[in-house]
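Undergrad: Pasting structure39.cif below, which is mmCIF, N, CA and C atoms.
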data_protein
loop_
_atom_site.label_atom_id
_atom_site.label_comp_id
_atom_site.auth_asym_id
_atom_site.auth_seq_id
_atom_site.Cartn_x
_atom_site.Cartn_y
_atom_site.Cartn_z
N MET A 287 -41.12 20.26 -5.63
CA MET A 287 -39.91 19.56 -5.27
C MET A 287 -40.07 19.02 -3.86
N VAL A 288 -39.71 17.76 -3.64
CA VAL A 288 -39.84 17.12 -2.34
C VAL A 288 -38.53 17.30 -1.59
N ALA A 289 -38.62 17.74 -0.33
CA ALA A 289 -37.42 17.90 0.49
C ALA A 289 -37.01 16.55 1.03
N LEU A 290 -35.73 16.22 0.88
CA LEU A 290 -35.22 14.96 1.41
C LEU A 290 -34.70 15.16 2.81
N PRO A 291 -34.90 14.18 3.70
CA PRO A 291 -34.35 14.32 5.05
C PRO A 291 -32.82 14.26 4.97
N PRO A 292 -32.12 14.87 5.93
CA PRO A 292 -30.66 14.83 5.89
C PRO A 292 -30.17 13.39 6.04
N PRO A 293 -29.04 13.04 5.39
CA PRO A 293 -28.53 11.67 5.47
C PRO A 293 -28.06 11.35 6.88
N ALA A 294 -28.18 10.07 7.23
CA ALA A 294 -27.66 9.63 8.53
C ALA A 294 -26.15 9.74 8.50
N ALA A 295 -25.55 10.01 9.64
CA ALA A 295 -24.09 10.17 9.71
C ALA A 295 -23.39 8.94 9.17
N GLY A 296 -22.44 9.15 8.28
CA GLY A 296 -21.62 8.07 7.76
C GLY A 296 -22.24 7.30 6.60
N ILE A 297 -23.49 7.60 6.25
CA ILE A 297 -24.13 6.89 5.15
C ILE A 297 -24.13 7.81 3.95
N PRO A 298 -23.46 7.41 2.85
CA PRO A 298 -23.42 8.29 1.68
C PRO A 298 -24.78 8.37 1.02
N THR A 299 -25.03 9.52 0.42
CA THR A 299 -26.27 9.68 -0.31
C THR A 299 -26.06 9.18 -1.72
N PRO A 300 -27.11 8.73 -2.39
CA PRO A 300 -26.96 8.23 -3.75
C PRO A 300 -26.55 9.36 -4.69
N GLU A 301 -25.78 8.99 -5.72
CA GLU A 301 -25.35 9.96 -6.72
C GLU A 301 -26.55 10.60 -7.41
N ALA A 302 -27.66 9.86 -7.51
CA ALA A 302 -28.84 10.36 -8.20
C ALA A 302 -29.49 11.53 -7.47
N ALA A 303 -29.16 11.73 -6.20
CA ALA A 303 -29.73 12.82 -5.42
C ALA A 303 -28.61 13.79 -5.06
N PRO A 304 -28.18 14.66 -6.00
CA PRO A 304 -27.09 15.57 -5.71
C PRO A 304 -27.45 16.50 -4.57
N ARG A 305 -26.45 16.85 -3.78
CA ARG A 305 -26.67 17.75 -2.65
C ARG A 305 -25.93 19.05 -2.91
N ARG A 306 -26.51 20.12 -2.43
CA ARG A 306 -25.82 21.40 -2.49
C ARG A 306 -24.94 21.53 -1.27
N ALA A 307 -23.91 22.35 -1.35
CA ALA A 307 -23.00 22.53 -0.21
C ALA A 307 -23.77 22.98 1.02
N ALA A 308 -24.80 23.80 0.85
CA ALA A 308 -25.58 24.28 1.98
C ALA A 308 -26.29 23.13 2.69
N ASP A 309 -26.59 22.05 1.97
CA ASP A 309 -27.29 20.91 2.56
C ASP A 309 -26.41 20.14 3.54
N VAL A 310 -25.11 20.22 3.40
CA VAL A 310 -24.23 19.43 4.26
C VAL A 310 -23.41 20.29 5.20
N GLY A 311 -23.49 21.61 5.06
CA GLY A 311 -22.83 22.48 6.02
C GLY A 311 -21.39 22.82 5.67
N THR A 312 -20.81 22.20 4.67
CA THR A 312 -19.46 22.56 4.25
C THR A 312 -19.43 22.65 2.75
N GLU A 313 -18.55 23.43 2.26
CA GLU A 313 -18.44 23.61 0.82
C GLU A 313 -17.19 22.91 0.32
N PRO A 314 -17.26 22.16 -0.78
CA PRO A 314 -16.06 21.53 -1.32
C PRO A 314 -15.08 22.60 -1.79
N PRO A 315 -13.80 22.25 -1.92
CA PRO A 315 -12.83 23.21 -2.42
C PRO A 315 -13.28 23.77 -3.76
N SER A 316 -12.91 25.02 -4.01
CA SER A 316 -13.29 25.71 -5.22
C SER A 316 -12.98 24.87 -6.46
N GLY A 317 -13.99 24.66 -7.29
CA GLY A 317 -13.80 23.94 -8.54
C GLY A 317 -13.77 22.43 -8.41
N VAL A 318 -13.94 21.89 -7.21
CA VAL A 318 -13.88 20.45 -7.02
C VAL A 318 -15.20 19.99 -6.42
N SER A 319 -15.84 19.06 -7.06
CA SER A 319 -17.09 18.53 -6.52
C SER A 319 -16.78 17.45 -5.48
N ARG A 320 -17.74 17.21 -4.62
CA ARG A 320 -17.57 16.18 -3.60
C ARG A 320 -17.35 14.81 -4.26
N GLY A 321 -18.05 14.54 -5.36
CA GLY A 321 -17.86 13.28 -6.09
C GLY A 321 -16.45 13.17 -6.64
N ALA A 322 -15.90 14.27 -7.14
CA ALA A 322 -14.53 14.26 -7.67
C ALA A 322 -13.53 14.00 -6.55
N GLU A 323 -13.78 14.59 -5.36
CA GLU A 323 -12.90 14.34 -4.21
C GLU A 323 -12.85 12.86 -3.88
N LEU A 324 -14.02 12.22 -3.87
CA LEU A 324 -14.08 10.80 -3.55
C LEU A 324 -13.39 9.97 -4.63
N THR A 325 -13.55 10.37 -5.89
CA THR A 325 -12.92 9.65 -6.98
C THR A 325 -11.40 9.72 -6.87
N VAL A 326 -10.87 10.91 -6.57
CA VAL A 326 -9.42 11.07 -6.40
C VAL A 326 -8.94 10.24 -5.22
N ALA A 327 -9.65 10.28 -4.11
CA ALA A 327 -9.25 9.51 -2.93
C ALA A 327 -9.27 8.01 -3.23
N ALA A 328 -10.29 7.55 -3.93
CA ALA A 328 -10.39 6.12 -4.27
C ALA A 328 -9.26 5.73 -5.22
N ARG A 329 -8.96 6.59 -6.19
CA ARG A 329 -7.88 6.31 -7.13
C ARG A 329 -6.53 6.28 -6.41
N ASP A 330 -6.29 7.23 -5.50
CA ASP A 330 -5.04 7.24 -4.75
C ASP A 330 -4.90 5.99 -3.90
N ARG A 331 -5.96 5.61 -3.24
CA ARG A 331 -5.92 4.39 -2.40
C ARG A 331 -5.61 3.17 -3.27
N GLN A 332 -6.26 3.07 -4.42
CA GLN A 332 -6.02 1.94 -5.32
C GLN A 332 -4.57 1.94 -5.81
N ASN A 333 -4.04 3.11 -6.13
CA ASN A 333 -2.64 3.19 -6.58
C ASN A 333 -1.67 2.81 -5.48
N VAL A 334 -1.95 3.19 -4.25
CA VAL A 334 -1.11 2.78 -3.11
C VAL A 334 -1.16 1.26 -2.96
N GLU A 335 -2.35 0.69 -3.06
CA GLU A 335 -2.48 -0.77 -2.96
C GLU A 335 -1.71 -1.48 -4.07
N LEU A 336 -1.69 -0.90 -5.27
CA LEU A 336 -0.91 -1.49 -6.37
C LEU A 336 0.59 -1.45 -6.06
N VAL A 337 1.06 -0.37 -5.47
CA VAL A 337 2.48 -0.27 -5.08
C VAL A 337 2.80 -1.34 -4.04
N LEU A 338 1.92 -1.53 -3.07
CA LEU A 338 2.14 -2.56 -2.05
C LEU A 338 2.21 -3.95 -2.69
N GLU A 339 1.35 -4.20 -3.67
CA GLU A 339 1.36 -5.49 -4.37
C GLU A 339 2.65 -5.66 -5.16
N ARG A 340 3.12 -4.61 -5.80
CA ARG A 340 4.38 -4.69 -6.56
C ARG A 340 5.56 -4.94 -5.61
N TYR A 341 5.53 -4.34 -4.43
CA TYR A 341 6.56 -4.59 -3.41
C TYR A 341 6.54 -6.06 -3.00
N ARG A 342 5.33 -6.55 -2.66
CA ARG A 342 5.18 -7.93 -2.22
C ARG A 342 5.68 -8.89 -3.30
N SER A 343 5.30 -8.63 -4.54
CA SER A 343 5.70 -9.48 -5.65
C SER A 343 7.22 -9.45 -5.85
N ALA A 344 7.83 -8.27 -5.81
CA ALA A 344 9.28 -8.14 -6.01
C ALA A 344 10.05 -8.91 -4.94
N LEU A 345 9.61 -8.81 -3.68
CA LEU A 345 10.31 -9.53 -2.62
C LEU A 345 10.07 -11.03 -2.72
N SER A 346 8.90 -11.43 -3.18
CA SER A 346 8.63 -12.85 -3.37
C SER A 346 9.45 -13.43 -4.52
N GLN A 347 9.77 -12.60 -5.50
CA GLN A 347 10.58 -13.04 -6.63
C GLN A 347 12.08 -12.85 -6.37
N LEU A 348 12.43 -12.33 -5.19
CA LEU A 348 13.82 -12.03 -4.84
C LEU A 348 14.45 -11.12 -5.89
N ASP A 349 13.71 -10.10 -6.30
CA ASP A 349 14.12 -9.20 -7.37
C ASP A 349 14.34 -7.79 -6.82
N ALA A 350 15.58 -7.48 -6.47
CA ALA A 350 15.91 -6.18 -5.89
C ALA A 350 15.61 -5.01 -6.83
N PRO A 351 15.95 -5.09 -8.13
CA PRO A 351 15.62 -3.96 -9.01
C PRO A 351 14.10 -3.68 -9.09
N LYS A 352 13.28 -4.72 -9.09
CA LYS A 352 11.83 -4.51 -9.09
C LYS A 352 11.38 -3.86 -7.79
N ALA A 353 12.00 -4.25 -6.68
CA ALA A 353 11.68 -3.62 -5.39
C ALA A 353 12.06 -2.15 -5.43
N ALA A 354 13.21 -1.83 -6.01
CA ALA A 354 13.67 -0.45 -6.09
C ALA A 354 12.76 0.41 -6.97
N ALA A 355 12.05 -0.21 -7.90
CA ALA A 355 11.13 0.53 -8.75
C ALA A 355 9.99 1.16 -7.95
N VAL A 356 9.60 0.52 -6.85
CA VAL A 356 8.53 1.06 -6.00
C VAL A 356 9.05 1.60 -4.68
N TRP A 357 10.32 1.32 -4.40
CA TRP A 357 10.97 1.75 -3.15
C TRP A 357 12.34 2.31 -3.51
N PRO A 358 12.38 3.50 -4.13
CA PRO A 358 13.63 4.05 -4.63
C PRO A 358 14.72 4.25 -3.57
N ALA A 359 14.34 4.41 -2.31
CA ALA A 359 15.32 4.65 -1.26
C ALA A 359 16.02 3.38 -0.77
N VAL A 360 15.56 2.21 -1.22
CA VAL A 360 16.15 0.97 -0.74
C VAL A 360 17.60 0.86 -1.24
N ASN A 361 18.44 0.28 -0.40
CA ASN A 361 19.82 0.00 -0.80
C ASN A 361 19.78 -1.32 -1.58
N VAL A 362 19.87 -1.23 -2.89
CA VAL A 362 19.71 -2.40 -3.76
C VAL A 362 20.77 -3.45 -3.48
N LYS A 363 22.01 -3.03 -3.27
CA LYS A 363 23.09 -4.00 -3.02
C LYS A 363 22.84 -4.77 -1.72
N THR A 364 22.40 -4.09 -0.69
CA THR A 364 22.09 -4.75 0.58
C THR A 364 20.93 -5.72 0.41
N LEU A 365 19.92 -5.31 -0.32
CA LEU A 365 18.77 -6.18 -0.56
C LEU A 365 19.19 -7.40 -1.38
N GLU A 366 20.02 -7.20 -2.39
CA GLU A 366 20.51 -8.34 -3.19
C GLU A 366 21.30 -9.32 -2.32
N ARG A 367 22.13 -8.80 -1.40
CA ARG A 367 22.88 -9.69 -0.49
C ARG A 367 21.93 -10.49 0.39
N ALA A 368 20.88 -9.85 0.87
CA ALA A 368 19.89 -10.55 1.69
C ALA A 368 19.21 -11.64 0.87
N PHE A 369 18.85 -11.33 -0.38
CA PHE A 369 18.21 -12.31 -1.24
C PHE A 369 19.13 -13.49 -1.55
N GLN A 370 20.45 -13.26 -1.59
CA GLN A 370 21.40 -14.34 -1.87
C GLN A 370 21.43 -15.38 -0.75
N GLN A 371 20.88 -15.05 0.40
CA GLN A 371 20.83 -15.97 1.54
C GLN A 371 19.61 -16.89 1.47
N LEU A 372 18.74 -16.66 0.49
CA LEU A 372 17.48 -17.40 0.41
C LEU A 372 17.39 -18.23 -0.87
N ASP A 373 16.84 -19.44 -0.73
CA ASP A 373 16.48 -20.23 -1.92
C ASP A 373 15.16 -19.71 -2.48
N THR A 374 14.19 -19.52 -1.59
CA THR A 374 12.88 -19.01 -1.99
C THR A 374 12.33 -18.13 -0.89
N GLN A 375 11.41 -17.29 -1.28
CA GLN A 375 10.68 -16.45 -0.32
C GLN A 375 9.32 -16.14 -0.92
N GLN A 376 8.30 -16.20 -0.11
CA GLN A 376 6.96 -15.86 -0.55
C GLN A 376 6.31 -15.01 0.54
N LEU A 377 5.98 -13.77 0.20
CA LEU A 377 5.26 -12.90 1.14
C LEU A 377 3.78 -12.95 0.82
N GLN A 378 2.99 -12.96 1.86
CA GLN A 378 1.53 -12.95 1.70
C GLN A 378 0.97 -11.87 2.61
N PHE A 379 0.20 -10.96 2.04
CA PHE A 379 -0.50 -9.95 2.83
C PHE A 379 -1.93 -10.44 3.04
N ASP A 380 -2.30 -10.62 4.29
CA ASP A 380 -3.67 -11.05 4.61
C ASP A 380 -4.63 -9.87 4.64
N GLY A 381 -4.10 -8.69 4.87
CA GLY A 381 -4.93 -7.49 4.88
C GLY A 381 -4.07 -6.28 5.13
N CYS A 382 -4.43 -5.18 4.48
CA CYS A 382 -3.69 -3.92 4.65
C CYS A 382 -4.68 -2.80 4.96
N ASN A 383 -4.32 -1.97 5.92
CA ASN A 383 -5.07 -0.76 6.22
C ASN A 383 -4.32 0.40 5.60
N VAL A 384 -4.93 1.07 4.65
CA VAL A 384 -4.30 2.15 3.92
C VAL A 384 -4.97 3.46 4.30
N SER A 385 -4.14 4.47 4.55
CA SER A 385 -4.64 5.81 4.85
C SER A 385 -3.92 6.80 3.96
N VAL A 386 -4.68 7.58 3.20
CA VAL A 386 -4.11 8.57 2.28
C VAL A 386 -4.52 9.95 2.76
N ALA A 387 -3.54 10.84 2.84
CA ALA A 387 -3.78 12.23 3.20
C ALA A 387 -2.96 13.11 2.26
N GLY A 388 -3.62 13.62 1.24
CA GLY A 388 -2.92 14.45 0.26
C GLY A 388 -1.90 13.63 -0.50
N SER A 389 -0.64 14.06 -0.45
CA SER A 389 0.42 13.36 -1.18
C SER A 389 1.19 12.38 -0.31
N HIS A 390 0.67 12.10 0.87
CA HIS A 390 1.30 11.14 1.79
C HIS A 390 0.32 10.00 2.09
N ALA A 391 0.88 8.83 2.33
CA ALA A 391 0.05 7.68 2.69
C ALA A 391 0.81 6.79 3.65
N THR A 392 0.06 6.07 4.44
CA THR A 392 0.63 5.04 5.31
C THR A 392 -0.18 3.78 5.09
N ALA A 393 0.47 2.66 5.32
CA ALA A 393 -0.23 1.38 5.22
C ALA A 393 0.35 0.44 6.26
N SER A 394 -0.51 -0.33 6.84
CA SER A 394 -0.12 -1.36 7.79
C SER A 394 -0.69 -2.67 7.27
N CYS A 395 0.21 -3.63 7.03
CA CYS A 395 -0.22 -4.91 6.47
C CYS A 395 0.13 -6.05 7.41
N ARG A 396 -0.79 -6.99 7.54
CA ARG A 396 -0.55 -8.23 8.29
C ARG A 396 -0.39 -9.35 7.29
N GLY A 397 0.44 -10.32 7.64
CA GLY A 397 0.60 -11.44 6.74
C GLY A 397 1.68 -12.39 7.20
N THR A 398 2.22 -13.14 6.24
CA THR A 398 3.24 -14.13 6.55
C THR A 398 4.36 -14.07 5.53
N ALA A 399 5.52 -14.49 5.99
CA ALA A 399 6.68 -14.67 5.12
C ALA A 399 7.04 -16.15 5.17
N HIS A 400 7.03 -16.79 4.01
CA HIS A 400 7.43 -18.18 3.89
C HIS A 400 8.78 -18.15 3.17
N TYR A 401 9.79 -18.81 3.73
CA TYR A 401 11.10 -18.79 3.08
C TYR A 401 11.89 -20.04 3.38
N VAL A 402 12.87 -20.28 2.52
CA VAL A 402 13.80 -21.39 2.68
C VAL A 402 15.21 -20.80 2.58
N PRO A 403 16.00 -20.95 3.65
CA PRO A 403 17.38 -20.44 3.60
C PRO A 403 18.23 -21.26 2.63
N LYS A 404 19.24 -20.62 2.07
CA LYS A 404 20.14 -21.28 1.15
C LYS A 404 21.17 -22.13 1.90
N VAL A 405 21.55 -21.69 3.07
CA VAL A 405 22.60 -22.35 3.85
C VAL A 405 21.99 -22.89 5.15
N GLY A 406 22.53 -24.02 5.60
CA GLY A 406 22.07 -24.59 6.87
C GLY A 406 20.80 -25.41 6.70
N ASN A 407 19.98 -25.37 7.72
CA ASN A 407 18.73 -26.12 7.74
C ASN A 407 17.80 -25.59 6.65
N LYS A 408 17.49 -26.42 5.68
CA LYS A 408 16.67 -25.99 4.54
C LYS A 408 15.18 -26.27 4.75
N THR A 409 14.81 -26.45 5.98
CA THR A 409 13.39 -26.63 6.29
C THR A 409 12.64 -25.33 6.00
N PRO A 410 11.56 -25.41 5.23
CA PRO A 410 10.78 -24.18 4.97
C PRO A 410 10.30 -23.57 6.29
N ARG A 411 10.34 -22.27 6.35
CA ARG A 411 9.94 -21.55 7.56
C ARG A 411 8.81 -20.58 7.23
N THR A 412 7.95 -20.40 8.20
CA THR A 412 6.85 -19.46 8.05
C THR A 412 6.82 -18.58 9.29
N GLU A 413 6.77 -17.27 9.07
CA GLU A 413 6.71 -16.31 10.17
C GLU A 413 5.56 -15.35 9.94
N SER A 414 4.80 -15.08 11.00
CA SER A 414 3.79 -14.02 10.93
C SER A 414 4.53 -12.69 11.00
N ARG A 415 4.07 -11.76 10.20
CA ARG A 415 4.73 -10.46 10.17
C ARG A 415 3.71 -9.34 10.02
N THR A 416 4.15 -8.17 10.41
CA THR A 416 3.42 -6.95 10.11
C THR A 416 4.40 -6.01 9.40
N TRP A 417 3.89 -5.31 8.43
CA TRP A 417 4.70 -4.35 7.68
C TRP A 417 4.06 -2.98 7.87
N ALA A 418 4.89 -1.98 8.10
CA ALA A 418 4.43 -0.59 8.18
C ALA A 418 5.11 0.19 7.06
N PHE A 419 4.30 0.77 6.19
CA PHE A 419 4.80 1.51 5.02
C PHE A 419 4.49 2.99 5.16
N THR A 420 5.43 3.80 4.71
CA THR A 420 5.22 5.23 4.52
C THR A 420 5.43 5.48 3.04
N LEU A 421 4.47 6.13 2.39
CA LEU A 421 4.53 6.37 0.95
C LEU A 421 4.37 7.85 0.65
N GLN A 422 4.87 8.24 -0.50
CA GLN A 422 4.80 9.62 -0.97
C GLN A 422 4.36 9.62 -2.42
N GLN A 423 3.53 10.57 -2.76
CA GLN A 423 3.14 10.71 -4.15
C GLN A 423 4.15 11.62 -4.84
N SER A 424 4.64 11.15 -5.98
CA SER A 424 5.59 11.90 -6.78
C SER A 424 4.97 12.07 -8.16
N GLY A 425 4.40 13.24 -8.43
CA GLY A 425 3.61 13.42 -9.65
C GLY A 425 2.35 12.58 -9.54
N GLU A 426 2.12 11.73 -10.51
CA GLU A 426 0.97 10.82 -10.47
C GLU A 426 1.34 9.47 -9.86
N ARG A 427 2.61 9.29 -9.52
CA ARG A 427 3.12 8.00 -9.08
C ARG A 427 3.33 7.96 -7.57
N TRP A 428 2.96 6.86 -6.96
CA TRP A 428 3.21 6.65 -5.53
C TRP A 428 4.45 5.78 -5.37
N VAL A 429 5.30 6.12 -4.39
CA VAL A 429 6.49 5.33 -4.09
C VAL A 429 6.61 5.13 -2.58
N ILE A 430 7.26 4.05 -2.22
CA ILE A 430 7.50 3.76 -0.81
C ILE A 430 8.70 4.58 -0.35
N GLN A 431 8.55 5.24 0.78
CA GLN A 431 9.65 5.97 1.37
C GLN A 431 10.36 5.10 2.43
N ARG A 432 9.55 4.38 3.21
CA ARG A 432 10.10 3.60 4.31
C ARG A 432 9.25 2.36 4.55
N VAL A 433 9.93 1.27 4.93
CA VAL A 433 9.24 0.03 5.28
C VAL A 433 9.83 -0.49 6.59
N GLU A 434 8.98 -0.89 7.48
CA GLU A 434 9.40 -1.59 8.69
C GLU A 434 8.67 -2.91 8.74
N SER A 435 9.41 -3.97 9.04
CA SER A 435 8.81 -5.30 9.12
C SER A 435 9.15 -5.91 10.47
N ARG A 436 8.13 -6.45 11.13
CA ARG A 436 8.34 -7.10 12.43
C ARG A 436 7.68 -8.45 12.42
#
Rewrite the coordinates I just gave you, this time as structure tokens.
TA:
Amino acid sequence: MVALPPPAAGIPTPEAAPRRAADVGTEPPSGVSRGAELTVAARDRQNVELVLERYRSALSQLDAPKAAAVWPAVNVKTLERAFQQLDTQQLQFDGCNVSVAGSHATASCRGTAHYVPKVGNKTPRTESRTWAFTLQQSGERWVIQRVESR
């Protein structure tokens, strides 16, 4: 058997070369392989990103009930009143940084809001924005707990 040199910091080793816990200095949680940990983390991150996309889509469609499906804490009546002030709205996320830690996640997204007011000057407007999300896992489902937009 040929001994492999230790991996460089931050560079994952190929799946074809399994490592023992002793090779890396830490042992995975009982019954969980390192590969399974990564798979769960990747799946959670992907699910959080899907929730963010559903939020973006709901607000772009001016659909308060769809927004509430991913953001249960939102005041639907207040959101509907806000939507009544708009002819159209389109949110665009240029990039999101997602961090998942257990059953909690945060995301910071940069992008733009394009909208046309219903009353007054109907000139389309575009604003650069950042969104900060706090999310919670509820069973297998991720939901938004809080959103801040600036």
Undergrad: Evaluate the PyMOL selection byres ((chain A and resi 342-349) around 7) on the structure here and hand back the selected residues as a PyMOL selection string.
TA: chain A and resi 337-341+350-354+369+374-378
Undergrad: Need the shell around range 387-400 of chain A: protein/DNA/RNA residues with any atom at most 6 Å away, counting all atoms listed in the file. Skip same-chain ones fewer than 5 positions apart. Format as a PyMOL selection string?
TA: chain A and resi 374-382+411-423
Undergrad: Keeping N, CA and C atoms, export the residues of the selection given above as a CSV table (one decimal), in the coordinates of the input.
TA:
chain,number,residue,atom,x,y,z
A,374,THR,N,14.2,-19.5,-1.6
A,374,THR,CA,12.9,-19.0,-2.0
A,374,THR,C,12.3,-18.1,-0.9
A,375,GLN,N,11.4,-17.3,-1.3
A,375,GLN,CA,10.7,-16.4,-0.3
A,375,GLN,C,9.3,-16.1,-0.9
A,376,GLN,N,8.3,-16.2,-0.1
A,376,GLN,CA,7.0,-15.9,-0.6
A,376,GLN,C,6.3,-15.0,0.5
A,377,LEU,N,6.0,-13.8,0.2
A,377,LEU,CA,5.3,-12.9,1.1
A,377,LEU,C,3.8,-13.0,0.8
A,378,GLN,N,3.0,-13.0,1.9
A,378,GLN,CA,1.5,-13.0,1.7
A,378,GLN,C,1.0,-11.9,2.6
A,379,PHE,N,0.2,-11.0,2.0
A,379,PHE,CA,-0.5,-10.0,2.8
A,379,PHE,C,-1.9,-10.4,3.0
A,380,ASP,N,-2.3,-10.6,4.3
A,380,ASP,CA,-3.7,-11.0,4.6
A,380,ASP,C,-4.6,-9.9,4.6
A,381,GLY,N,-4.1,-8.7,4.9
A,381,GLY,CA,-4.9,-7.5,4.9
A,381,GLY,C,-4.1,-6.3,5.1
A,382,CYS,N,-4.4,-5.2,4.5
A,382,CYS,CA,-3.7,-3.9,4.6
A,382,CYS,C,-4.7,-2.8,5.0
A,411,ARG,N,10.3,-22.3,6.4
A,411,ARG,CA,9.9,-21.6,7.6
A,411,ARG,C,8.8,-20.6,7.2
A,412,THR,N,8.0,-20.4,8.2
A,412,THR,CA,6.8,-19.5,8.0
A,412,THR,C,6.8,-18.6,9.3
A,413,GLU,N,6.8,-17.3,9.1
A,413,GLU,CA,6.7,-16.3,10.2
A,413,GLU,C,5.6,-15.4,9.9
A,414,SER,N,4.8,-15.1,11.0
A,414,SER,CA,3.8,-14.0,10.9
A,414,SER,C,4.5,-12.7,11.0
A,415,ARG,N,4.1,-11.8,10.2
A,415,ARG,CA,4.7,-10.5,10.2
A,415,ARG,C,3.7,-9.3,10.0
A,416,THR,N,4.2,-8.2,10.4
A,416,THR,CA,3.4,-7.0,10.1
A,416,THR,C,4.4,-6.0,9.4
A,417,TRP,N,3.9,-5.3,8.4
A,417,TRP,CA,4.7,-4.4,7.7
A,417,TRP,C,4.1,-3.0,7.9
A,418,ALA,N,4.9,-2.0,8.1
A,418,ALA,CA,4.4,-0.6,8.2
A,418,ALA,C,5.1,0.2,7.1
A,419,PHE,N,4.3,0.8,6.2
A,419,PHE,CA,4.8,1.5,5.0
A,419,PHE,C,4.5,3.0,5.2
A,420,THR,N,5.4,3.8,4.7
A,420,THR,CA,5.2,5.2,4.5
A,420,THR,C,5.4,5.5,3.0
A,421,LEU,N,4.5,6.1,2.4
A,421,LEU,CA,4.5,6.4,1.0
A,421,LEU,C,4.4,7.8,0.6
A,422,GLN,N,4.9,8.2,-0.5
A,422,GLN,CA,4.8,9.6,-1.0
A,422,GLN,C,4.4,9.6,-2.4
A,423,GLN,N,3.5,10.6,-2.8
A,423,GLN,CA,3.1,10.7,-4.2
A,423,GLN,C,4.2,11.6,-4.8
Undergrad: State, in Å with one decimal place, the distance from CA of Gln431 in chain A to CA of Val386 in chain A.
TA: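 Between CA of Gln431 in chain A and CA of Val386 in chain A the gap is 14.0 Å.
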Undergrad: Can you work out the spacing between CA of Gly425 in chain A and CA of Thr364 in chain A in Å, to one decimal?
TA: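 The value is 27.9 Å.
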Undergrad: Considering all atoms listed in the file, can you say which of A:Asp373, A:Arg436, A:Leu336, A:Ala368 comes closest to Val405 in chain A?
TA: A:Asp373
Undergrad: Report, in Å with one decimal, the straight-line distance from CA of Arg329 in chain A to CA of Pro358 in chain A.
TA: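 Distance between the two atoms: 21.8 Å.
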Undergrad: Where in range 350-384 of chain A does DSSP assign strand (DSSP E), given as a ChimeraX atom specification?
TA: /A:372-384
Undergrad: Please determine, counting only C-alpha atoms, which residue among A:Leu365, A:Leu372, A:Val356, A:Ala327 has the shortest atom-to-atom distance to Asn407 in chain A.
TA: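 Among the listed residues, the smallest separation from Asn407 in chain A belongs to A:Leu372.
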Undergrad: Where does DSSP see helix (DSSP H, G or I) in range 306-435 of chain A, if you list the residues as a ChimeraX atom specification?
TA: /A:307-310,320-346,350-356,362-369
